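Coordinates as given in model-v7.pdb (PDB, C-alpha atoms and all ligand atoms):
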ATOM      1  CA  MET A   9      34.596  18.747 -13.296
ATOM      2  CA  VAL A  10      34.849  16.250 -16.172
ATOM      3  CA  GLY A  11      32.482  13.332 -15.677
ATOM      4  CA  LYS A  12      30.933  14.873 -12.587
ATOM      5  CA  SER A  13      27.250  14.602 -11.731
ATOM      6  CA  VAL A  14      25.664  17.672 -10.179
ATOM      7  CA  ILE A  15      22.803  16.793  -7.856
ATOM      8  CA  SER A  16      23.361  19.706  -5.493
ATOM      9  CA  LEU A  17      25.835  22.561  -5.878
ATOM     10  CA  ASP A  18      27.615  20.950  -2.921
ATOM     11  CA  ASP A  19      28.969  18.629  -5.609
ATOM     12  CA  LEU A  20      31.056  21.536  -6.916
ATOM     13  CA  SER A  21      33.773  23.428  -5.071
ATOM     14  CA  LEU A  22      33.551  27.215  -4.793
ATOM     15  CA  PRO A  23      36.455  27.609  -7.273
ATOM     16  CA  GLN A  24      34.525  25.394  -9.722
ATOM     17  CA  ILE A  25      31.398  27.527  -9.302
ATOM     18  CA  ARG A  26      33.454  30.700  -9.829
ATOM     19  CA  GLU A  27      34.959  29.126 -12.941
ATOM     20  CA  LEU A  28      31.456  28.398 -14.296
ATOM     21  CA  LEU A  29      30.449  32.020 -13.694
ATOM     22  CA  HIS A  30      33.544  33.137 -15.558
ATOM     23  CA  LYS A  31      32.923  30.677 -18.407
ATOM     24  CA  ALA A  32      29.338  31.851 -18.795
ATOM     25  CA  GLN A  33      30.521  35.448 -19.200
ATOM     26  CA  TYR A  34      33.010  34.306 -21.823
ATOM     27  CA  ILE A  35      30.343  32.305 -23.678
ATOM     28  CA  ASP A  36      28.037  35.321 -23.760
ATOM     29  CA  SER A  37      30.624  37.411 -25.591
ATOM     30  CA  HIS A  38      32.020  34.593 -27.784
ATOM     31  CA  ARG A  39      28.906  32.840 -29.056
ATOM     32  CA  ARG A  40      30.286  32.115 -32.532
ATOM     33  CA  GLU A  41      33.649  30.944 -31.230
ATOM     34  CA  VAL A  42      32.025  28.352 -28.911
ATOM     35  CA  ALA A  43      29.447  27.104 -31.416
ATOM     36  CA  HIS A  44      31.313  23.836 -32.120
ATOM     37  CA  THR A  45      32.633  23.135 -28.631
ATOM     38  CA  CYS A  46      30.442  20.046 -28.143
ATOM     39  CA  ASP A  47      30.321  18.770 -31.730
ATOM     40  CA  GLY A  48      29.417  15.078 -31.628
ATOM     41  CA  ARG A  49      28.036  15.183 -28.081
ATOM     42  CA  VAL A  50      24.479  14.240 -27.185
ATOM     43  CA  LEU A  51      22.440  15.464 -24.218
ATOM     44  CA  ALA A  52      19.382  13.614 -22.881
ATOM     45  CA  THR A  53      16.681  15.644 -21.185
ATOM     46  CA  LEU A  54      14.544  13.310 -19.073
ATOM     47  CA  PHE A  55      11.731  15.473 -17.733
ATOM     48  CA  TYR A  56       9.167  13.624 -15.631
ATOM     49  CA  GLU A  57       7.673  16.965 -14.563
ATOM     50  CA  PRO A  58       6.605  20.068 -16.540
ATOM     51  CA  SER A  59       9.166  22.703 -17.460
ATOM     52  CA  THR A  60       9.635  25.561 -19.873
ATOM     53  CA  ARG A  61      12.899  27.278 -18.968
ATOM     54  CA  THR A  62      14.975  24.478 -17.563
ATOM     55  CA  ARG A  63      14.377  21.917 -20.289
ATOM     56  CA  LEU A  64      14.540  24.359 -23.180
ATOM     57  CA  SER A  65      17.638  26.078 -21.821
ATOM     58  CA  PHE A  66      19.439  22.764 -21.252
ATOM     59  CA  GLU A  67      18.541  21.842 -24.823
ATOM     60  CA  THR A  68      19.430  25.122 -26.494
ATOM     61  CA  ALA A  69      22.651  25.180 -24.463
ATOM     62  CA  MET A  70      23.779  21.886 -26.030
ATOM     63  CA  LEU A  71      22.533  22.901 -29.485
ATOM     64  CA  ARG A  72      24.389  26.230 -29.261
ATOM     65  CA  LEU A  73      27.552  24.329 -28.380
ATOM     66  CA  GLY A  74      27.206  22.173 -31.491
ATOM     67  CA  GLY A  75      25.810  19.060 -29.808
ATOM     68  CA  LYS A  76      22.498  17.259 -30.215
ATOM     69  CA  VAL A  77      19.596  16.513 -27.882
ATOM     70  CA  ILE A  78      17.260  13.575 -27.266
ATOM     71  CA  GLY A  79      14.760  13.037 -24.492
ATOM     72  CA  PHE A  80      11.204  13.182 -23.313
ATOM     73  CA  ALA A  81       9.011  15.793 -21.686
ATOM     74  CA  GLY A  82       6.385  13.978 -19.652
ATOM     75  CA  SER A  83       6.883  10.465 -18.329
ATOM     76  CA  GLN A  84       3.693   9.249 -20.060
ATOM     77  CA  LEU A  85       5.655   9.117 -23.318
ATOM     78  CA  SER A  86       8.471   7.024 -21.861
ATOM     79  CA  SER A  87       8.557   3.484 -20.472
ATOM     80  CA  ALA A  88       8.214   4.973 -16.994
ATOM     81  CA  SER A  89       4.487   4.791 -17.789
ATOM     82  CA  LYS A  90       4.896   0.990 -17.991
ATOM     83  CA  GLY A  91       6.632   0.896 -14.637
ATOM     84  CA  GLU A  92      10.307   1.102 -15.599
ATOM     85  CA  SER A  93      12.534   2.250 -12.738
ATOM     86  CA  ILE A  94      14.665   5.378 -12.869
ATOM     87  CA  ALA A  95      17.765   3.219 -12.478
ATOM     88  CA  ASP A  96      16.906   1.061 -15.493
ATOM     89  CA  THR A  97      16.077   4.133 -17.555
ATOM     90  CA  LEU A  98      19.437   5.702 -16.707
ATOM     91  CA  LYS A  99      21.378   2.494 -17.373
ATOM     92  CA  THR A 100      19.703   2.472 -20.778
ATOM     93  CA  VAL A 101      20.050   6.139 -21.679
ATOM     94  CA  SER A 102      23.712   6.159 -20.598
ATOM     95  CA  ASN A 103      24.416   4.112 -23.738
ATOM     96  CA  TYR A 104      22.930   6.804 -25.952
ATOM     97  CA  VAL A 105      24.286  10.097 -24.636
ATOM     98  CA  ASP A 106      27.218  11.932 -23.031
ATOM     99  CA  VAL A 107      25.260  13.808 -20.350
ATOM    100  CA  VAL A 108      21.771  13.674 -18.823
ATOM    101  CA  ALA A 109      19.581  16.407 -17.340
ATOM    102  CA  ILE A 110      16.752  14.969 -15.248
ATOM    103  CA  ARG A 111      13.738  16.557 -13.577
ATOM    104  CA  HIS A 112      11.531  14.436 -11.366
ATOM    105  CA  PRO A 113       8.748  15.135  -8.850
ATOM    106  CA  LYS A 114      10.387  12.985  -6.160
ATOM    107  CA  GLU A 115      13.133  14.278  -3.883
ATOM    108  CA  GLY A 116      16.244  12.159  -4.329
ATOM    109  CA  ALA A 117      15.360  10.915  -7.828
ATOM    110  CA  ALA A 118      18.313  12.716  -9.422
ATOM    111  CA  LEU A 119      20.689  11.108  -6.929
ATOM    112  CA  VAL A 120      19.264   7.667  -7.734
ATOM    113  CA  ALA A 121      19.690   8.474 -11.428
ATOM    114  CA  SER A 122      23.318   9.531 -10.984
ATOM    115  CA  ARG A 123      24.164   6.297  -9.149
ATOM    116  CA  ALA A 124      22.753   4.197 -11.984
ATOM    117  CA  ALA A 125      24.174   6.242 -14.860
ATOM    118  CA  SER A 126      27.609   5.879 -16.420
ATOM    119  CA  VAL A 127      27.556   9.466 -17.728
ATOM    120  CA  PRO A 128      27.220  12.738 -15.763
ATOM    121  CA  VAL A 129      23.719  13.487 -14.489
ATOM    122  CA  ILE A 130      22.587  17.030 -13.781
ATOM    123  CA  ASN A 131      19.666  17.578 -11.432
ATOM    124  CA  ALA A 132      17.130  19.808 -13.187
ATOM    125  CA  GLY A 133      14.897  19.860 -10.089
ATOM    126  CA  ASP A 134      13.915  16.991  -7.762
ATOM    127  CA  GLY A 135      10.615  17.579  -6.029
ATOM    128  CA  GLY A 136      10.800  20.225  -3.316
ATOM    129  CA  HIS A 137      14.477  19.495  -2.690
ATOM    130  CA  MET A 138      17.086  21.159  -4.951
ATOM    131  CA  HIS A 139      17.476  22.948  -8.283
ATOM    132  CA  PRO A 140      21.205  23.548  -8.622
ATOM    133  CA  THR A 141      21.285  24.948 -12.156
ATOM    134  CA  GLN A 142      18.650  27.541 -11.228
ATOM    135  CA  THR A 143      21.031  28.588  -8.481
ATOM    136  CA  LEU A 144      23.810  28.953 -11.043
ATOM    137  CA  ALA A 145      21.492  31.312 -12.950
ATOM    138  CA  ASP A 146      20.714  33.187  -9.730
ATOM    139  CA  LEU A 147      24.405  33.563  -8.835
ATOM    140  CA  ALA A 148      25.218  34.847 -12.319
ATOM    141  CA  THR A 149      22.445  37.423 -11.970
ATOM    142  CA  LEU A 150      23.698  38.598  -8.558
ATOM    143  CA  GLN A 151      27.226  38.764  -9.937
ATOM    144  CA  SER A 152      26.144  40.883 -12.899
ATOM    145  CA  ARG A 153      23.936  43.181 -10.786
ATOM    146  CA  PHE A 154      26.259  43.676  -7.784
ATOM    147  CA  GLY A 155      29.677  42.435  -8.915
ATOM    148  CA  ARG A 156      29.553  39.970  -6.007
ATOM    149  CA  VAL A 157      27.366  37.298  -4.429
ATOM    150  CA  THR A 158      28.302  38.075  -0.816
ATOM    151  CA  ASN A 159      27.790  41.006   1.564
ATOM    152  CA  LEU A 160      24.141  41.163   0.609
ATOM    153  CA  THR A 161      20.830  41.204   2.425
ATOM    154  CA  VAL A 162      18.746  38.665   0.537
ATOM    155  CA  GLY A 163      14.990  38.489   1.061
ATOM    156  CA  LEU A 164      13.279  35.279  -0.038
ATOM    157  CA  CYS A 165       9.531  35.585  -0.223
ATOM    158  CA  GLY A 166       6.633  33.195  -0.712
ATOM    159  CA  ASP A 167       6.737  29.407  -0.646
ATOM    160  CA  LEU A 168       9.961  28.770   1.237
ATOM    161  CA  MET A 169       8.868  25.269   2.228
ATOM    162  CA  PHE A 170       8.408  23.675  -1.197
ATOM    163  CA  GLY A 171      10.468  26.125  -3.273
ATOM    164  CA  ARG A 172      13.488  24.050  -4.261
ATOM    165  CA  THR A 173      15.190  27.051  -5.858
ATOM    166  CA  VAL A 174      15.158  28.733  -2.446
ATOM    167  CA  HIS A 175      16.780  25.735  -0.769
ATOM    168  CA  SER A 176      19.540  25.489  -3.370
ATOM    169  CA  LEU A 177      20.214  29.231  -3.296
ATOM    170  CA  ILE A 178      20.451  29.446   0.502
ATOM    171  CA  GLU A 179      22.702  26.396   0.623
ATOM    172  CA  THR A 180      25.087  27.910  -1.919
ATOM    173  CA  LEU A 181      25.087  31.476  -0.593
ATOM    174  CA  CYS A 182      25.980  30.068   2.829
ATOM    175  CA  ARG A 183      29.093  28.562   1.272
ATOM    176  CA  PHE A 184      30.104  31.942  -0.143
ATOM    177  CA  GLY A 185      29.296  33.481   3.261
ATOM    178  CA  ASN A 186      28.424  36.959   4.543
ATOM    179  CA  VAL A 187      24.770  36.923   3.611
ATOM    180  CA  ARG A 188      21.885  38.069   5.772
ATOM    181  CA  PHE A 189      18.712  36.202   4.870
ATOM    182  CA  VAL A 190      15.263  37.673   5.420
ATOM    183  CA  LEU A 191      12.824  34.763   5.091
ATOM    184  CA  ILE A 192       9.358  36.084   4.286
ATOM    185  CA  SER A 193       6.544  33.535   4.303
ATOM    186  CA  PRO A 194       3.259  32.596   5.921
ATOM    187  CA  ASP A 195       3.546  30.162   8.833
ATOM    188  CA  GLU A 196       2.427  27.264   6.644
ATOM    189  CA  LEU A 197       5.241  27.784   4.123
ATOM    190  CA  LYS A 198       8.252  28.448   6.322
ATOM    191  CA  THR A 199      11.766  27.379   5.405
ATOM    192  CA  PRO A 200      12.502  23.712   6.262
ATOM    193  CA  GLN A 201      14.640  23.119   9.340
ATOM    194  CA  TYR A 202      17.472  21.455   7.364
ATOM    195  CA  VAL A 203      17.881  24.696   5.395
ATOM    196  CA  LEU A 204      17.815  26.837   8.560
ATOM    197  CA  ASP A 205      20.405  24.482  10.066
ATOM    198  CA  ARG A 206      22.627  25.266   7.146
ATOM    199  CA  ILE A 207      22.444  28.997   7.899
ATOM    200  CA  ASN A 208      22.968  28.365  11.612
ATOM    201  CA  ALA A 209      26.098  26.384  10.805
ATOM    202  CA  THR A 210      27.568  29.359   8.895
ATOM    203  CA  PRO A 211      28.985  31.923  11.324
ATOM    204  CA  SER A 212      29.073  34.751   8.752
ATOM    205  CA  CYS A 213      25.397  34.270   7.797
ATOM    206  CA  SER A 214      22.211  34.967   9.711
ATOM    207  CA  TYR A 215      18.468  34.937   9.168
ATOM    208  CA  VAL A 216      15.227  36.375  10.394
ATOM    209  CA  GLU A 217      11.800  34.931   9.641
ATOM    210  CA  VAL A 218       8.950  37.396   9.055
ATOM    211  CA  LYS A 219       5.468  37.325   7.574
ATOM    212  CA  ASP A 220       5.214  40.875   6.237
ATOM    213  CA  LEU A 221       7.014  41.913   3.052
ATOM    214  CA  VAL A 222       6.283  45.641   3.272
ATOM    215  CA  SER A 223       7.959  46.089   6.656
ATOM    216  CA  VAL A 224      11.288  44.638   5.451
ATOM    217  CA  ILE A 225      11.487  45.492   1.754
ATOM    218  CA  GLY A 226      13.474  48.681   2.406
ATOM    219  CA  ASP A 227      16.332  46.657   4.000
ATOM    220  CA  LEU A 228      16.861  44.314   1.068
ATOM    221  CA  ASP A 229      19.531  44.249  -1.636
ATOM    222  CA  VAL A 230      17.797  41.317  -3.301
ATOM    223  CA  LEU A 231      14.162  40.270  -3.255
ATOM    224  CA  TYR A 232      13.752  36.685  -4.481
ATOM    225  CA  MET A 233      10.038  36.153  -5.105
ATOM    226  CA  THR A 234       8.653  32.629  -5.466
ATOM    227  CA  ARG A 235       5.473  30.997  -6.648
ATOM    228  CA  VAL A 236       3.371  28.981  -4.219
ATOM    229  CA  GLN A 237       4.009  25.442  -5.498
ATOM    230  CA  GLN A 238       0.510  24.158  -6.205
ATOM    231  CA  GLU A 239       1.800  20.762  -7.367
ATOM    232  CA  ARG A 240       3.313  20.026  -3.930
ATOM    233  CA  PHE A 241       0.165  20.795  -1.894
ATOM    234  CA  PHE A 242      -1.938  17.969  -0.510
ATOM    235  CA  ASN A 243      -4.949  20.223  -0.053
ATOM    236  CA  GLU A 244      -6.368  22.485  -2.782
ATOM    237  CA  ASP A 245      -8.091  24.763  -0.221
ATOM    238  CA  ASP A 246      -4.752  25.509   1.449
ATOM    239  CA  TYR A 247      -3.233  26.380  -1.929
ATOM    240  CA  LEU A 248      -6.098  28.732  -2.800
ATOM    241  CA  ARG A 249      -5.846  30.426   0.597
ATOM    242  CA  LEU A 250      -2.081  30.966   0.382
ATOM    243  CA  ARG A 251      -1.328  31.519  -3.294
ATOM    244  CA  ASP A 252      -1.781  35.304  -3.336
ATOM    245  CA  THR A 253      -0.242  36.066   0.059
ATOM    246  CA  TYR A 254       2.469  38.213  -1.547
ATOM    247  CA  ILE A 255       2.087  40.308  -4.665
ATOM    248  CA  LEU A 256       4.942  42.652  -5.538
ATOM    249  CA  ASP A 257       3.750  45.753  -7.347
ATOM    250  CA  GLU A 258       5.090  49.244  -8.068
ATOM    251  CA  ASP A 259       3.589  50.656  -4.845
ATOM    252  CA  LYS A 260       5.598  48.204  -2.755
ATOM    253  CA  LEU A 261       8.694  48.751  -4.893
ATOM    254  CA  GLN A 262       8.604  52.450  -4.003
ATOM    255  CA  LEU A 263       9.631  51.386  -0.497
ATOM    256  CA  ALA A 264      12.673  49.461  -1.787
ATOM    257  CA  LYS A 265      16.253  50.562  -2.421
ATOM    258  CA  PRO A 266      16.773  52.074  -5.877
ATOM    259  CA  ASP A 267      19.272  49.340  -6.764
ATOM    260  CA  MET A 268      17.477  46.393  -5.192
ATOM    261  CA  ALA A 269      17.312  43.428  -7.589
ATOM    262  CA  VAL A 270      14.043  41.536  -7.966
ATOM    263  CA  LEU A 271      14.638  37.883  -8.845
ATOM    264  CA  HIS A 272      12.143  35.095  -9.506
ATOM    265  CA  PRO A 273      12.936  31.633 -10.874
ATOM    266  CA  LEU A 274       9.685  31.746 -12.870
ATOM    267  CA  PRO A 275       7.081  30.722 -13.801
ATOM    268  CA  ARG A 276       5.221  33.487 -11.989
ATOM    269  CA  ILE A 277       1.531  33.364 -11.338
ATOM    270  CA  ASN A 278       0.485  36.515  -9.444
ATOM    271  CA  GLU A 279       3.530  37.136  -7.226
ATOM    272  CA  ILE A 280       4.885  39.968  -9.359
ATOM    273  CA  ALA A 281       2.567  42.389 -11.109
ATOM    274  CA  VAL A 282       3.368  42.707 -14.808
ATOM    275  CA  GLU A 283       3.939  46.464 -14.315
ATOM    276  CA  VAL A 284       7.129  45.588 -12.388
ATOM    277  CA  ASP A 285       8.673  44.122 -15.561
ATOM    278  CA  ASN A 286       9.484  47.654 -16.741
ATOM    279  CA  ASP A 287      11.195  48.617 -13.490
ATOM    280  CA  PRO A 288      15.009  48.544 -13.797
ATOM    281  CA  ARG A 289      15.115  46.491 -10.598
ATOM    282  CA  ALA A 290      13.352  43.581 -12.313
ATOM    283  CA  ALA A 291      16.069  40.994 -13.004
ATOM    284  CA  TYR A 292      14.040  37.852 -13.652
ATOM    285  CA  PHE A 293      14.353  37.774 -17.412
ATOM    286  CA  GLU A 294      18.111  38.325 -17.026
ATOM    287  CA  GLN A 295      18.009  35.207 -14.835
ATOM    288  CA  VAL A 296      16.486  33.320 -17.759
ATOM    289  CA  LYS A 297      19.338  34.321 -20.071
ATOM    290  CA  ASN A 298      21.907  33.564 -17.384
ATOM    291  CA  GLY A 299      20.348  30.134 -16.917
ATOM    292  CA  MET A 300      21.102  29.265 -20.523
ATOM    293  CA  LEU A 301      24.670  30.594 -20.332
ATOM    294  CA  MET A 302      25.398  28.772 -17.075
ATOM    295  CA  ARG A 303      24.011  25.523 -18.496
ATOM    296  CA  MET A 304      26.285  25.964 -21.535
ATOM    297  CA  ALA A 305      29.212  26.406 -19.151
ATOM    298  CA  LEU A 306      28.189  23.373 -17.074
ATOM    299  CA  GLU A 307      27.435  21.018 -19.963
ATOM    300  CA  SER A 308      30.729  21.737 -21.737
ATOM    301  CA  SER A 309      32.588  21.303 -18.444
ATOM    302  CA  VAL A 310      31.121  17.966 -17.387
ATOM    303  CA  VAL A 311      31.626  16.400 -20.820
ATOM    304  CA  GLY A 312      35.191  17.738 -20.839
ATOM    305  CA  ASP A 313      35.106  19.969 -23.905
ATOM    306  CA  GLU A 314      37.281  23.099 -23.802
ATOM    307  CA  LEU A 315      35.780  26.377 -24.997
ATOM    308  CA  PRO A 316      37.995  27.670 -27.820
ATOM    309  CA  GLY A 317      40.029  30.695 -26.698
ATOM    310  CA  TYR A 318      38.884  30.474 -23.086
ATOM    311  CA  VAL A 319      41.466  31.292 -20.433
ATOM    312  CA  PRO A 320      40.538  29.697 -17.084
ATOM    313  CA  LEU A 321      40.045  31.980 -14.137
ATOM    314  CA  GLU A 322      42.402  29.800 -12.098
ATOM    315  CA  SER A 323      45.299  30.592 -14.460
ATOM    316  CA  LYS A 324      44.713  34.370 -14.398
TER     317      LYS A 324
HETATM  318  N1  LIG B   1      12.787  28.040 -13.130
HETATM  319  C1  LIG B   1      12.309  26.864 -13.614
HETATM  320  O1  LIG B   1      12.710  25.777 -13.178
HETATM  321  O2  LIG B   1      11.387  27.014 -14.599
HETATM  322  P1  LIG B   1      10.674  25.799 -15.364
HETATM  323  O3  LIG B   1       9.854  25.046 -14.349
HETATM  324  O4  LIG B   1       9.860  26.424 -16.455
HETATM  325  O5  LIG B   1      11.771  24.914 -15.891
END
Rewrite the structure of this file - the entire thing - as structure tokens.
Amino acid sequence: MVGKSVISLDDLSLPQIRELLHKAQYIDSHRREVAHTCDGRVLATLFYEPSTRTRLSFETAMLRLGGKVIGFAGSQLSSASKGESIADTLKTVSNYVDVVAIRHPKEGAALVASRAASVPVINAGDGGHMHPTQTLADLATLQSRFGRVTNLTVGLCGDLMFGRTVHSLIETLCRFGNVRFVLISPDELKTPQYVLDRINATPSCSYVEVKDLVSVIGDLDVLYMTRVQQERFFNEDDYLRLRDTYILDEDKLQLAKPDMAVLHPLPRINEIAVEVDNDPRAAYFEQVKNGMLMRMALESSVVGDELPGYVPLESK
């Protein structure tokens, strides 16, 4: 994994993803031991789009490993505002740092960045395309809730068209196999065909598309709620009409399995009533913690720094 850019989780093998899950568990229980793993390293966070969790967790991940962080949050404070290309920015920043995390509103921007950079580039979200490190957080949460990421019925609900976390998660779960997807969305926000093709190409996986959450919630092991992505809509009226299509509350949760896990990449707007936060099925703030741990595992891996005392899964 040393030196590797991660634009999609397809860039990592399943054994590498399993190793990251294992590393993140180790990091969680050995925080002091790993605190100098990345001494002398520098991370750049280049965020051309707003973020709370992803940027701050990438940054605290490097800080907690002993490294340092530079970067910008908002392209108006960088030379992108003067017209500098992503490629020139990455050729420049590669001289300053050991690893880059980039978020950009355009699909494909992270790939362009990785081709120009001479250090590993991690995609922190490119438009409506992919968000691989969110998927690492999601996998860690499934693993901790169920002890597995396969043999699950996974409902994904809301904006399945623009929700990049949905696309990354489906893509990766298909690689693990044995997942039944229940895709819950209004007609206007259905899952893109390239994502459905991915499920169709996986014999052990299947999907159904439905519009009604209540009629399927009782079948689900996982309910992955998503926000309607206002920033990707061309038409404000469409956003206003669709934004509150699905609201998960305690009444709906009464119809769900007692051990169903509710995930959400956050930020939430109205999709999950605040009352649900106290339900033991709510797993979305665990996802936040897992996101930081998985980014610690990924950053240390791509820069090639060994976690002190860590025994790789592959050698067990
Ligand atoms: N889940 C996620 O990407 O959150 P932010 O947009 O706050 O980074």
message: Under the rule that all atoms listed in the file are counted, which of A:Val218, A:Asp18, A:Arg61, A:Leu73 is the nearest residue to Leu306 (chain A)?
response: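 Ranked by minimum distance to Leu306 (chain A), first place goes to A:Leu73.
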Ground truth for the PyMOL selection byres (((not hetatm)) within 7 of (chain B and resi 1)), written as a PDB file with C-alpha atoms, keeping the file's coordinate frame:
ATOM      1  CA  PRO A  58       6.605  20.068 -16.540  1.00  0.00           C
ATOM      2  CA  SER A  59       9.166  22.703 -17.460  1.00  0.00           C
ATOM      3  CA  THR A  60       9.635  25.561 -19.873  1.00  0.00           C
ATOM      4  CA  ARG A  61      12.899  27.278 -18.968  1.00  0.00           C
ATOM      5  CA  THR A  62      14.975  24.478 -17.563  1.00  0.00           C
ATOM      6  CA  ARG A  63      14.377  21.917 -20.289  1.00  0.00           C
ATOM      7  CA  GLN A 142      18.650  27.541 -11.228  1.00  0.00           C
ATOM      8  CA  PRO A 273      12.936  31.633 -10.874  1.00  0.00           C
ATOM      9  CA  LEU A 274       9.685  31.746 -12.870  1.00  0.00           C
ATOM     10  CA  PRO A 275       7.081  30.722 -13.801  1.00  0.00           C
TER      11      PRO A 275
END
Taking a cut-off of 12 Å and counting all atoms listed in the file, can you build a table that, for each residue of region 169-213 of chain A near region 21-25 of chain A, reports the nearest atom pair and how far apart they are in Å (one decimal), sorted by chain then residue number, as a Markdown table?
| residue | atom | partner | partner_atom | distance |
| --- | --- | --- | --- | --- |
| A:Thr180 | CA | A:Leu22 | CA | 9.0 |
| A:Leu181 | CA | A:Leu22 | CA | 10.4 |
| A:Cys182 | CA | A:Leu22 | CA | 11.1 |
| A:Arg183 | CA | A:Leu22 | CA | 7.6 |
| A:Phe184 | CA | A:Leu22 | CA | 7.5 |
| A:Gly185 | CA | A:Leu22 | CA | 11.1 |
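With the shown file loaded, the PyMOL selection byres (((chain A and resi 156) around 12) and not hetatm) picks out Arg26, Leu29, Asp146, Leu147, Ala148, Thr149, Leu150, Gln151, Ser152, Arg153, Phe154, Gly155, Val157, Thr158, Asn159, Leu160, Leu181, Phe184, Gly185, Asn186, Val187 and Asp229 of chain A.
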- request: Select, from A:Met302, A:Ala290, A:Leu231, A:Val14, the residue with the minimum atom-to-atom distance to Ala132 (chain A), counting all atoms listed in the file.
  value: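 The closest residue to Ala132 (chain A) is A:Val14.
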task: Compile the contact shell of Ala117 (chain A) as a list in words: residues with an atom at most 12 Å away, counting only C-alpha atoms, same-chain residues fewer than 4 positions apart removed.
output: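 The residues satisfying every condition are Ile15, Leu54, Phe55, Tyr56, Glu57, Ser93, Ile94, Ala95, Thr97, Leu98, Ala109, Ile110, Arg111, His112, Pro113, Ala121, Ser122, Arg123, Ala124, Val129, Ile130, Asn131, Ala132, Gly133, Asp134, Gly135, Gly136, His137 and Met138 of chain A.
For the residues A:Lys76, A:His30, A:Arg303, A:Arg206, ranking by smallest atom-to-atom distance to Val50 (chain A) using all atoms listed in the file places A:Lys76 first.
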Box dimensions and centre (Å, one decimal) enclosing region 57-60 of chain A, axis-aligned, 5 Å extra per side, as JSON:
{"center_x": 8.1, "center_y": 21.3, "center_z": -17.2, "size_x": 13.0, "size_y": 18.6, "size_z": 15.3}
